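start-v4.cif (mmCIF, C-alpha atoms) appears below.
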data_final
#
loop_
_atom_site.label_atom_id
_atom_site.label_comp_id
_atom_site.auth_asym_id
_atom_site.auth_seq_id
_atom_site.Cartn_x
_atom_site.Cartn_y
_atom_site.Cartn_z
CA MET A 1 -13.80 16.00 12.63
CA ARG A 2 -11.03 14.33 14.62
CA LEU A 3 -8.42 12.23 12.83
CA THR A 4 -6.20 9.89 14.81
CA ILE A 5 -2.98 8.58 13.25
CA LEU A 6 -1.59 5.42 14.83
CA GLY A 7 2.09 5.20 14.01
CA GLY A 8 2.13 8.98 14.31
CA GLY A 9 5.93 8.95 14.40
CA GLY A 10 6.03 7.36 10.95
CA PHE A 11 8.16 8.98 8.28
CA ARG A 12 5.26 9.49 5.83
CA VAL A 13 2.89 11.17 8.32
CA PRO A 14 3.85 14.69 7.08
CA LEU A 15 2.52 13.74 3.62
CA VAL A 16 -0.89 13.14 5.16
CA TYR A 17 -0.77 16.36 7.16
CA ARG A 18 0.27 18.37 4.10
CA ALA A 19 -2.73 16.98 2.22
CA LEU A 20 -4.98 18.04 5.11
CA LEU A 21 -3.56 21.58 5.00
CA ASP A 22 -4.22 21.74 1.26
CA ASP A 23 -7.76 20.39 1.64
CA PRO A 24 -10.13 23.18 0.57
CA ALA A 25 -12.99 21.51 2.45
CA GLY A 26 -11.09 21.77 5.75
CA SER A 27 -12.67 18.50 6.83
CA VAL A 28 -10.36 17.73 9.75
CA SER A 29 -10.45 19.96 12.83
CA GLU A 30 -7.83 18.09 14.90
CA VAL A 31 -5.07 15.54 14.30
CA VAL A 32 -4.08 13.24 17.15
CA LEU A 33 -0.77 11.38 16.90
CA HIS A 34 -0.01 8.15 18.73
CA ASP A 35 3.27 6.25 18.59
CA THR A 36 5.14 3.86 20.86
CA ASP A 37 8.39 5.78 20.24
CA PRO A 38 8.26 9.22 21.91
CA ARG A 39 11.38 10.53 20.15
CA ARG A 40 10.06 9.73 16.70
CA VAL A 41 6.65 11.25 17.32
CA ALA A 42 8.25 14.40 18.75
CA VAL A 43 10.36 14.82 15.59
CA ILE A 44 7.34 14.31 13.33
CA ALA A 45 5.34 16.77 15.42
CA ASP A 46 8.12 19.31 14.74
CA VAL A 47 7.88 18.65 10.99
CA LEU A 48 4.11 19.19 11.14
CA THR A 49 4.61 22.43 13.06
CA ARG A 50 6.88 23.69 10.28
CA LEU A 51 4.36 22.66 7.62
CA ALA A 52 1.63 24.60 9.43
CA GLN A 53 3.67 27.81 9.77
CA GLY A 54 2.13 30.62 7.78
CA HIS A 55 -0.88 28.56 6.78
CA PRO A 56 -4.12 30.56 7.09
CA THR A 57 -6.02 27.68 8.72
CA PRO A 58 -3.54 25.26 10.30
CA VAL A 59 -4.95 22.00 11.61
CA PRO A 60 -4.19 21.60 15.34
CA VAL A 61 -1.99 18.62 16.24
CA ARG A 62 -1.91 16.83 19.58
CA VAL A 63 0.29 13.94 20.74
CA ALA A 64 -1.82 11.41 22.65
CA LYS A 65 -0.86 10.07 26.06
CA GLY A 66 -1.70 6.50 25.08
CA LEU A 67 -3.71 4.34 22.68
CA ASP A 68 -7.04 4.79 24.46
CA ASP A 69 -6.54 8.56 24.66
CA ALA A 70 -5.80 8.60 20.94
CA LEU A 71 -8.89 6.61 19.98
CA ALA A 72 -11.52 8.15 22.25
CA GLY A 73 -13.75 10.45 20.20
CA ALA A 74 -12.04 9.74 16.87
CA ASP A 75 -14.07 9.99 13.68
CA PHE A 76 -11.37 8.49 11.45
CA VAL A 77 -8.39 6.37 12.47
CA PHE A 78 -5.40 5.94 10.19
CA SER A 79 -3.50 2.80 11.19
CA ALA A 80 0.08 3.07 9.93
CA ILE A 81 2.06 1.06 12.46
CA ARG A 82 5.28 -0.94 12.03
CA VAL A 83 5.47 -3.68 14.64
CA GLY A 84 9.11 -4.48 15.33
CA GLY A 85 10.35 -1.36 13.56
CA THR A 86 12.86 -1.49 10.75
CA ALA A 87 14.89 -4.06 12.72
CA GLY A 88 11.96 -6.44 12.30
CA ARG A 89 11.86 -5.70 8.58
CA ILE A 90 15.54 -6.51 8.25
CA ARG A 91 14.94 -9.94 9.82
CA ASP A 92 11.92 -10.51 7.54
CA GLU A 93 14.16 -9.91 4.52
CA ARG A 94 17.38 -11.60 5.62
CA ILE A 95 15.94 -14.86 7.02
CA PRO A 96 14.29 -15.95 3.73
CA LEU A 97 17.31 -14.83 1.70
CA ALA A 98 19.50 -17.08 3.83
CA GLU A 99 17.30 -19.96 2.69
CA GLY A 100 17.52 -18.98 -0.97
CA VAL A 101 14.04 -17.48 -1.37
CA LEU A 102 12.89 -13.91 -1.76
CA GLY A 103 12.84 -11.69 1.31
CA GLN A 104 10.54 -8.68 0.86
CA GLU A 105 8.42 -6.62 3.23
CA THR A 106 4.99 -7.59 1.89
CA VAL A 107 5.62 -10.37 -0.64
CA GLY A 108 6.71 -13.97 -0.09
CA ALA A 109 8.07 -15.32 3.16
CA GLY A 110 9.04 -11.85 4.40
CA GLY A 111 5.47 -10.64 4.03
CA VAL A 112 4.15 -13.65 5.92
CA LEU A 113 6.61 -13.10 8.78
CA TYR A 114 5.65 -9.43 8.95
CA GLY A 115 1.98 -10.34 9.01
CA LEU A 116 2.42 -12.90 11.78
CA ARG A 117 4.10 -10.26 13.93
CA THR A 118 1.67 -7.45 13.10
CA ILE A 119 -1.77 -9.08 13.15
CA PRO A 120 -2.02 -9.56 16.96
CA VAL A 121 -1.31 -5.84 17.48
CA ALA A 122 -3.77 -4.88 14.73
CA LEU A 123 -6.45 -7.02 16.35
CA HIS A 124 -5.88 -5.30 19.68
CA ILE A 125 -6.26 -1.92 17.99
CA ALA A 126 -9.48 -3.07 16.31
CA GLU A 127 -10.88 -4.17 19.66
CA ARG A 128 -10.05 -0.84 21.29
CA VAL A 129 -11.62 1.05 18.37
CA ALA A 130 -14.77 -1.03 18.72
CA ALA A 131 -14.89 -0.23 22.44
CA LEU A 132 -13.94 3.48 22.39
CA ALA A 133 -14.91 4.78 18.94
CA PRO A 134 -17.49 2.38 17.48
CA GLY A 135 -18.61 4.94 14.93
CA ALA A 136 -15.11 5.59 13.61
CA TRP A 137 -13.86 4.49 10.20
CA VAL A 138 -10.45 2.80 10.28
CA ILE A 139 -8.31 3.38 7.19
CA ASN A 140 -5.53 0.82 7.23
CA PHE A 141 -2.12 1.75 5.80
CA THR A 142 -0.31 -0.97 7.76
CA ASN A 143 1.43 -3.61 5.66
CA PRO A 144 0.85 -6.30 4.59
CA ALA A 145 -2.30 -4.24 3.97
CA GLY A 146 -4.60 -6.97 2.64
CA MET A 147 -3.70 -9.43 5.37
CA VAL A 148 -3.93 -6.87 8.18
CA THR A 149 -7.21 -5.44 6.88
CA GLU A 150 -8.65 -8.96 6.72
CA ALA A 151 -7.71 -9.57 10.36
CA MET A 152 -9.14 -6.23 11.55
CA SER A 153 -12.37 -6.82 9.61
CA GLN A 154 -13.08 -9.80 11.87
CA VAL A 155 -13.69 -7.22 14.61
CA LEU A 156 -14.75 -4.10 12.69
CA GLY A 157 -16.52 -5.56 9.67
CA ASP A 158 -16.86 -3.08 6.82
CA ARG A 159 -15.73 -0.15 8.99
CA VAL A 160 -12.09 -0.95 8.24
CA ILE A 161 -10.88 -0.19 4.71
CA GLY A 162 -7.37 -0.86 3.44
CA ILE A 163 -5.60 1.53 1.08
CA CYS A 164 -2.53 1.39 -1.14
CA ASP A 165 -1.12 3.94 -3.56
CA SER A 166 0.22 1.40 -6.09
CA PRO A 167 -3.05 0.81 -8.03
CA VAL A 168 -4.00 4.47 -8.41
CA GLY A 169 -0.41 5.28 -9.37
CA LEU A 170 -0.59 2.60 -12.07
CA VAL A 171 -3.88 3.99 -13.42
CA ARG A 172 -2.52 7.54 -13.54
CA ARG A 173 0.71 6.53 -15.27
CA ALA A 174 -1.08 4.30 -17.78
CA ALA A 175 -3.61 7.02 -18.60
CA ARG A 176 -0.85 9.55 -19.20
CA ALA A 177 1.04 7.10 -21.41
CA ALA A 178 -2.15 6.43 -23.40
CA GLY A 179 -2.53 10.16 -24.06
CA ALA A 180 -5.46 10.82 -21.75
CA ASP A 181 -5.87 14.22 -20.16
CA PRO A 182 -4.66 13.86 -16.51
CA ALA A 183 -7.74 15.80 -15.41
CA ALA A 184 -9.92 12.94 -16.68
CA PHE A 185 -8.99 10.91 -13.61
CA ALA A 186 -10.26 13.57 -11.22
CA ASP A 187 -13.46 14.48 -13.09
CA GLY A 188 -14.68 10.92 -13.61
CA ARG A 189 -14.24 10.65 -17.39
CA LEU A 190 -11.61 7.94 -16.93
CA GLY A 191 -12.91 4.43 -16.28
CA TYR A 192 -10.85 1.46 -15.17
CA ASP A 193 -11.20 -2.20 -14.22
CA TYR A 194 -8.69 -3.22 -11.58
CA VAL A 195 -8.96 -6.36 -9.47
CA GLY A 196 -6.73 -8.57 -7.33
CA LEU A 197 -5.29 -8.62 -3.83
CA ASN A 198 -3.06 -6.03 -2.23
CA HIS A 199 0.25 -5.95 -4.15
CA LEU A 200 -1.17 -8.54 -6.54
CA GLY A 201 -3.62 -7.05 -9.05
CA TRP A 202 -4.14 -6.19 -12.70
CA LEU A 203 -5.42 -3.16 -14.62
CA ARG A 204 -7.52 -4.90 -17.28
CA SER A 205 -9.43 -2.02 -18.82
CA LEU A 206 -8.84 1.71 -19.21
CA THR A 207 -11.49 3.85 -20.86
CA LEU A 208 -11.86 7.53 -21.62
CA GLU A 209 -15.49 8.57 -22.02
CA GLY A 210 -16.31 5.00 -23.00
CA THR A 211 -13.46 4.49 -25.48
CA GLU A 212 -11.11 1.63 -24.55
CA LEU A 213 -7.46 2.75 -24.38
CA LEU A 214 -5.64 -0.33 -23.11
CA PRO A 215 -5.22 -2.32 -26.38
CA GLY A 216 -3.70 0.70 -28.11
CA LEU A 217 -1.36 1.30 -25.19
CA LEU A 218 -0.25 -2.34 -25.13
CA ALA A 219 0.50 -2.18 -28.87
CA ASP A 220 2.68 0.93 -28.55
CA ASP A 221 6.29 0.14 -27.57
CA ALA A 222 7.22 3.80 -27.08
CA ALA A 223 4.21 4.49 -24.88
CA LEU A 224 4.93 1.43 -22.72
CA ALA A 225 8.56 2.50 -22.34
CA SER A 226 7.42 5.89 -21.03
CA PHE A 227 6.23 4.72 -17.61
CA GLU A 228 7.35 2.55 -14.74
CA GLU A 229 5.30 -0.64 -15.19
CA GLY A 230 5.95 -0.68 -18.94
CA ARG A 231 9.71 -0.67 -18.37
CA LEU A 232 9.48 -3.05 -15.42
CA PHE A 233 7.65 -5.87 -17.23
CA GLY A 234 8.57 -5.20 -20.86
CA ALA A 235 6.29 -4.74 -23.86
CA ASP A 236 6.34 -8.37 -25.03
CA TRP A 237 5.25 -9.80 -21.70
CA LEU A 238 2.59 -7.15 -21.18
CA ARG A 239 1.07 -7.92 -24.57
CA ILE A 240 0.99 -11.62 -23.68
CA LEU A 241 -0.74 -10.82 -20.39
CA GLY A 242 -3.18 -8.45 -22.08
CA ALA A 243 -3.21 -6.37 -18.89
CA LEU A 244 -0.99 -4.08 -16.82
CA PRO A 245 0.11 -5.78 -13.59
CA ASN A 246 0.71 -4.06 -10.28
CA GLU A 247 4.44 -3.43 -9.90
CA TYR A 248 4.73 -6.02 -7.12
CA LEU A 249 3.83 -8.80 -9.56
CA HIS A 250 7.39 -8.42 -10.84
CA TYR A 251 8.39 -10.58 -7.88
CA TYR A 252 6.14 -13.36 -9.21
CA TYR A 253 6.65 -13.09 -12.96
CA PHE A 254 10.41 -12.48 -12.76
CA ARG A 255 11.21 -14.24 -9.50
CA ARG A 256 14.58 -15.65 -10.64
CA GLU A 257 15.87 -12.32 -11.92
CA THR A 258 14.67 -10.42 -8.85
CA LEU A 259 16.10 -13.00 -6.47
CA ASP A 260 19.44 -12.92 -8.29
CA SER A 261 19.55 -9.12 -7.98
CA VAL A 262 18.93 -9.19 -4.23
CA ARG A 263 20.44 -12.49 -3.06
CA ASP A 264 23.98 -11.24 -2.57
CA THR A 265 23.11 -7.61 -1.97
CA PRO A 266 25.25 -5.90 0.66
CA GLU A 267 22.17 -3.96 1.81
CA THR A 268 18.49 -4.93 1.73
CA ARG A 269 15.74 -2.33 1.43
CA GLY A 270 15.08 -2.68 5.16
CA GLU A 271 18.74 -2.09 5.98
CA PHE A 272 18.81 0.99 3.75
CA LEU A 273 15.70 2.44 5.42
CA ASP A 274 16.96 1.53 8.88
CA GLN A 275 20.12 3.54 8.30
CA GLN A 276 18.44 6.34 6.37
CA GLN A 277 15.49 6.91 8.68
CA GLY A 278 17.42 6.11 11.84
CA GLY A 279 19.91 8.76 10.79
CA PHE A 280 17.12 11.21 10.00
CA PHE A 281 15.45 10.88 13.39
CA GLU A 282 18.78 11.08 15.22
CA ARG A 283 19.89 14.20 13.35
CA ALA A 284 16.47 15.87 13.56
CA ALA A 285 16.19 15.25 17.30
CA ALA A 286 19.70 16.64 17.87
CA ALA A 287 19.19 19.66 15.60
CA GLY A 288 16.09 20.71 17.46
CA GLY A 289 13.26 22.81 16.15
CA PRO A 290 10.72 22.60 13.32
CA ASP A 291 12.85 24.25 10.61
CA ALA A 292 15.75 21.82 10.90
CA ALA A 293 13.48 18.79 11.21
CA TYR A 294 11.52 19.78 8.10
CA ALA A 295 14.60 20.42 5.94
CA LEU A 296 16.06 17.04 6.90
CA TRP A 297 12.73 15.32 6.26
CA GLU A 298 12.37 16.72 2.73
CA ARG A 299 15.87 15.60 1.70
CA THR A 300 15.34 12.13 3.17
CA ARG A 301 11.91 11.73 1.55
CA LEU A 302 13.19 12.37 -1.97
CA GLU A 303 16.04 9.88 -1.55
CA ARG A 304 13.59 7.27 -0.25
CA GLU A 305 11.28 7.65 -3.27
CA GLN A 306 14.10 7.57 -5.81
CA THR A 307 15.38 4.23 -4.46
CA TYR A 308 11.96 2.52 -4.26
CA MET A 309 11.97 -1.06 -5.73
CA ALA A 310 15.57 -0.59 -6.84
CA HIS A 311 16.27 -4.34 -7.05
CA SER A 312 13.33 -4.96 -9.40
CA ARG A 313 14.48 -2.08 -11.60
CA GLU A 314 17.99 -3.53 -11.63
CA ALA A 315 16.57 -6.91 -12.67
CA SER A 316 14.69 -5.32 -15.57
CA GLY A 317 17.49 -3.20 -17.02
CA GLY A 318 18.72 -0.84 -14.32
CA TRP A 319 16.66 2.23 -15.28
CA GLN A 320 15.99 5.19 -13.00
CA ARG A 321 12.60 6.48 -11.89
CA ASP A 322 11.47 9.70 -13.57
CA SER A 323 9.22 12.48 -12.30
CA HIS A 324 6.02 10.76 -13.43
CA ASP A 325 7.04 7.54 -11.65
CA LEU A 326 7.67 9.51 -8.48
CA GLU A 327 4.24 11.14 -8.58
CA GLY A 328 2.46 7.82 -8.07
CA GLY A 329 -0.92 7.88 -6.43
CA GLY A 330 0.04 9.02 -2.94
CA TYR A 331 -1.27 7.42 0.26
CA ASP A 332 -2.17 10.90 1.42
CA ARG A 333 -4.38 11.66 -1.57
CA VAL A 334 -6.06 8.23 -1.51
CA ALA A 335 -6.83 8.56 2.20
CA LEU A 336 -8.19 12.09 1.86
CA ALA A 337 -10.34 11.11 -1.13
CA LEU A 338 -11.72 8.20 0.87
CA MET A 339 -12.58 10.42 3.85
CA HIS A 340 -14.25 13.00 1.61
CA ALA A 341 -16.30 10.33 -0.14
CA ILE A 342 -17.59 8.93 3.16
CA VAL A 343 -18.34 12.28 4.75
CA GLY A 344 -19.88 13.75 1.59
CA ASP A 345 -21.69 10.53 0.54
CA SER A 346 -20.37 11.26 -2.95
CA GLY A 347 -20.30 7.86 -4.65
CA THR A 348 -16.65 8.40 -5.62
CA ARG A 349 -14.90 5.45 -7.24
CA LEU A 350 -11.61 4.39 -5.65
CA ILE A 351 -9.42 1.26 -5.66
CA LEU A 352 -9.53 -0.08 -2.10
CA ASN A 353 -9.06 -3.19 0.02
CA VAL A 354 -12.51 -4.32 1.13
CA ARG A 355 -14.57 -7.44 1.78
CA ASN A 356 -15.15 -9.36 -1.43
CA GLY A 357 -18.89 -9.97 -1.26
CA THR A 358 -19.66 -11.43 -4.70
CA THR A 359 -17.02 -9.53 -6.71
CA VAL A 360 -14.84 -12.61 -7.18
CA PRO A 361 -17.29 -15.54 -6.77
CA GLN A 362 -14.50 -18.07 -6.20
CA LEU A 363 -13.39 -16.28 -3.01
CA ALA A 364 -15.20 -16.18 0.33
CA PRO A 365 -17.51 -13.18 0.83
CA ASP A 366 -15.42 -11.96 3.80
CA ALA A 367 -12.06 -12.28 2.01
CA ILE A 368 -10.36 -8.92 1.46
CA VAL A 369 -9.78 -8.05 -2.20
CA GLU A 370 -8.34 -4.94 -3.85
CA THR A 371 -10.71 -3.59 -6.45
CA VAL A 372 -12.74 -0.64 -7.69
CA CYS A 373 -15.29 0.49 -5.10
CA GLU A 374 -18.05 3.06 -4.92
CA VAL A 375 -17.68 5.04 -1.71
CA GLY A 376 -20.35 6.92 0.20
CA ALA A 377 -21.72 7.33 3.71
CA HIS A 378 -22.19 3.56 3.88
CA GLY A 379 -18.48 2.98 3.31
CA ALA A 380 -16.91 1.25 0.31
CA ARG A 381 -18.93 -1.12 -1.86
CA PRO A 382 -16.96 -3.24 -4.34
CA LEU A 383 -18.28 -3.04 -7.89
CA PRO A 384 -18.86 -6.06 -10.14
CA CYS A 385 -15.95 -6.90 -12.40
CA ALA A 386 -15.38 -9.03 -15.47
CA PRO A 387 -14.38 -12.66 -14.79
CA LEU A 388 -10.71 -13.20 -14.07
CA ARG A 389 -8.51 -15.18 -16.40
CA GLU A 390 -7.41 -18.57 -15.10
CA ASP A 391 -3.84 -17.43 -14.45
CA GLN A 392 -5.02 -14.35 -12.52
CA LEU A 393 -7.58 -16.30 -10.49
CA GLY A 394 -5.15 -19.12 -9.73
CA LEU A 395 -2.54 -16.77 -8.33
CA MET A 396 -5.17 -14.88 -6.33
CA LEU A 397 -6.57 -18.09 -4.82
CA GLN A 398 -3.16 -19.36 -3.78
CA VAL A 399 -2.03 -16.08 -2.21
CA LYS A 400 -5.40 -15.63 -0.48
CA ALA A 401 -4.98 -19.10 1.06
CA VAL A 402 -1.62 -17.89 2.38
CA GLU A 403 -3.13 -14.70 3.81
CA ARG A 404 -5.99 -16.49 5.55
CA ALA A 405 -3.63 -19.10 7.01
CA ALA A 406 -1.43 -16.29 8.36
CA VAL A 407 -4.43 -14.59 9.98
CA GLU A 408 -5.44 -17.91 11.54
CA ALA A 409 -1.90 -18.53 12.79
CA ALA A 410 -1.54 -15.07 14.34
CA THR A 411 -5.01 -15.08 15.87
CA PHE A 412 -4.82 -18.52 17.47
CA LYS A 413 -1.01 -18.86 17.84
CA ASP A 414 -1.21 -21.91 15.58
CA ARG A 415 2.20 -23.04 14.34
CA GLY A 416 0.66 -25.44 11.82
CA ALA A 417 -1.25 -22.60 10.19
CA ALA A 418 1.91 -20.47 10.16
CA LEU A 419 3.84 -23.25 8.42
CA ARG A 420 0.99 -23.68 5.95
CA ALA A 421 1.05 -19.94 5.18
CA LEU A 422 4.78 -20.01 4.44
CA ALA A 423 4.90 -23.32 2.58
CA LEU A 424 1.96 -22.55 0.28
CA HIS A 425 3.32 -19.22 -0.88
CA PRO A 426 4.25 -19.32 -4.59
CA LEU A 427 7.66 -17.78 -3.82
CA VAL A 428 8.60 -20.42 -1.22
CA ASP A 429 9.67 -23.59 -3.00
CA SER A 430 9.72 -26.19 -0.22
CA PRO A 431 7.89 -27.01 3.04
CA ALA A 432 11.31 -27.81 4.54
CA VAL A 433 12.52 -24.31 3.66
CA ALA A 434 9.32 -22.88 5.15
CA ALA A 435 9.89 -24.79 8.39
CA ARG A 436 13.46 -23.53 8.69
CA ILE A 437 12.34 -19.94 8.04
CA LEU A 438 9.68 -20.22 10.73
CA GLU A 439 12.16 -21.70 13.21
CA ARG A 440 14.78 -19.02 12.55
CA ALA A 441 12.21 -16.27 12.86
CA ALA A 442 11.15 -17.62 16.26
CA ASP A 443 14.80 -17.86 17.41
CA GLU A 444 15.60 -14.29 16.32
CA ALA A 445 12.42 -12.63 17.57
#
So that I can check it, write out the structure of this file as C-alpha cells.
Amino acid sequence: MRLTILGGGGFRVPLVYRALLDDPAGSVSEVVLHDTDPRRVAVIADVLTRLAQGHPTPVPVRVAKGLDDALAGADFVFSAIRVGGTAGRIRDERIPLAEGVLGQETVGAGGVLYGLRTIPVALHIAERVAALAPGAWVINFTNPAGMVTEAMSQVLGDRVIGICDSPVGLVRRAARAAGADPAAFADGRLGYDYVGLNHLGWLRSLTLEGTELLPGLLADDAALASFEEGRLFGADWLRILGALPNEYLHYYYFRRETLDSVRDTPETRGEFLDQQQGGFFERAAAAGGPDAAYALWERTRLEREQTYMAHSREASGGWQRDSHDLEGGGYDRVALALMHAIVGDSGTRLILNVRNGTTVPQLAPDAIVETVCEVGAHGARPLPCAPLREDQLGLMLQVKAVERAAVEAATFKDRGAALRALALHPLVDSPAVAARILERAADEA
C-alpha cells in the first residue's frame, strides 16, 4: 500500500514514519514524500533514513518529483501542508494582535487568515487527487483542519477525513485521571461522547464498561488537577460546564486572560517555531547525514512539545506540562488507526472530522464536524450523539458560519465573504477591526 505525504518536509513527518515502522501489520509498502521546499524534504528524508537503520523491515521512502508524481497510484494521502510557511503564521498572529484581538494559528482572526490562504491550495490538491488517485483516501492534517477538510470535501466527498490529536489526547488524559486502566482505550472498554468542531469540542461522557466516570472526575479536585485540561480550565468552571472542553476552548472561555498574556509578548508561537525550526533545518542541512539530522530533530521535537500552548498555561497559573500531558493522542497514532480501520473494515471508533449528516440536526448535512465515528471500508460514519446544550450549540453554529464563509471567500475570491468570516468570529469584536485586519493581510501578503 502506497502512502503519500504532502508537506513531506514537515517537522512532524518522522513521527508518522516511526509509527509505520512500529506497525506490526506492515500495512504500508512505500512512503512518497512531496514538498515545495527541497532542502526541508532532504533533511526529513535523512531523519527517516536514520529511523529505518537496523529495522528488520524498513519502509522504503521516495521523494517525488512533483505533485502529480506523488499522487499517482497512491492509496492514502496525508495532507500536512503549510501554505506561506512559518512566515505566514507570524503574519496571521501579529496582524490581529496589532488590532487588539487574539492572533492564533487556528482560532480567531489568525485562523481565518490561515484558512483563506490555504484553502485554494487544498482545493487544487483535492482536484489532482480526484484526477490521478480517485480511489485514494485523503487524511487531512492541514490546519485549520475543519475548515480545510470542509473545502476539500466539496471535491472528494467522504473520501477526505480530517484528524486532530487534541480530542483523543483529552480522552486518554481524562480516563487516566478518573482511574481507568489505560488499556481500556485500546481494547474498546472505554466509551466516550465527544462532539464539536475542530479545536472547539466537548467530552460530555466517559464510561468504563458502561459505568459513567465523568461526574466523579468533575467532583474530584485532585483528579482534575492531575491533567492538562483540568489545570487549564479550573475545577469550578469545569463543574459549571458539566463537561471537559477541548484545550483550544480556553481561547473562548478565558479570552481576556489569554489575550493579556500574549498581547505584549516579545515572541509569538509562530516566531518561536520560525526560529526553532528554521535553525533546525539550517543546522541539519549543514551537518549532513542521517545521524546528525536525527539527533537534532529529537532535541528540537521535545522543546517544541514542552512549549505548546505556553500562553494559555501562563494565563491559567503558569504551570508546566508533565509527561502525561506530553503523551497526548499523537497525529501519527490517530492516522495509523484510521488507515487500519479502513483497510481492515474493523468498525473502530475514532474522533474525526467528517461530514455531519444528521449528527447535529441544526447544522447542514455537508458541514464538517468533529465527533465519534465508526470506521470501516466505507470510511468514517459519524455516530448519533446526545443533544447539545444551548451554549455548546450556539458557539458551534457561530464558528461554523465563520468557517463556511471563509471557504466561500477562498473558493470564489469574495472579499465580502472574507469580511463576514472575520467579523462574525466570536473573538473579533468589531466589523471595523475585521476590515482593517483583512486590509493589512492583503497589504502584507
Listed atoms of range 293-299 of chain A boxed along x, y and z, 4 Å each side, centre and edge lengths in Å, one decimal, as AutoDock Vina command-line options:
--center_x 13.8 --center_y 17.9 --center_z 6.5 --size_x 12.5 --size_y 13.1 --size_z 17.5
Neighbourhood query: residues within 8 Å of (1.5, -10.3, 10.2), file coordinates, counting all atoms listed in the file; return as a PyMOL selection string.
chain A and resi 111-120+144+147-148+406-407+410
Of the residues A:Val155, A:Leu259, A:Val121, A:Ala364, which is the one nearest to Gln104 in chain A, using only C-alpha atoms?
A:Leu259
One decimal, in Å: what's the spacing between CA of Asp220 in chain A and CA of Ala235 in chain A?
8.2 Å
CA of Leu6 in chain A to CA of Ala45 in chain A, distance in Å rounded to a single decimal
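If I compute the distance from CA of Leu6 in chain A to CA of Ala45 in chain A, I get 13.3 Å.
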Atomic separation - CA of Val16 in chain A relative to CA of His34 in chain A, Å:
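Taking CA of His34 in chain A and CA of Val16 in chain A, their separation equals 14.5 Å.
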Between A:Val101, A:Ala74, A:Arg62, A:Leu218, smallest distance to Ile437 in chain A by only C-alpha atoms belongs to A:Val101
Name the residues that the PyMOL selection byres ((chain A and resi 263-265) around 9) picks from the file above, as a PyMOL selection string, using the file's chain letters and numbers.
chain A and resi 97-98+100-103+258-262+266-268
Taking (-2.4, 22.2, 1.7) in the file's coordinates, which residues come within 12 Å, counting all atoms listed in the file, written as a VMD selection string?
chain A and resid 14 to 26 48 51 to 59 332 to 333 336
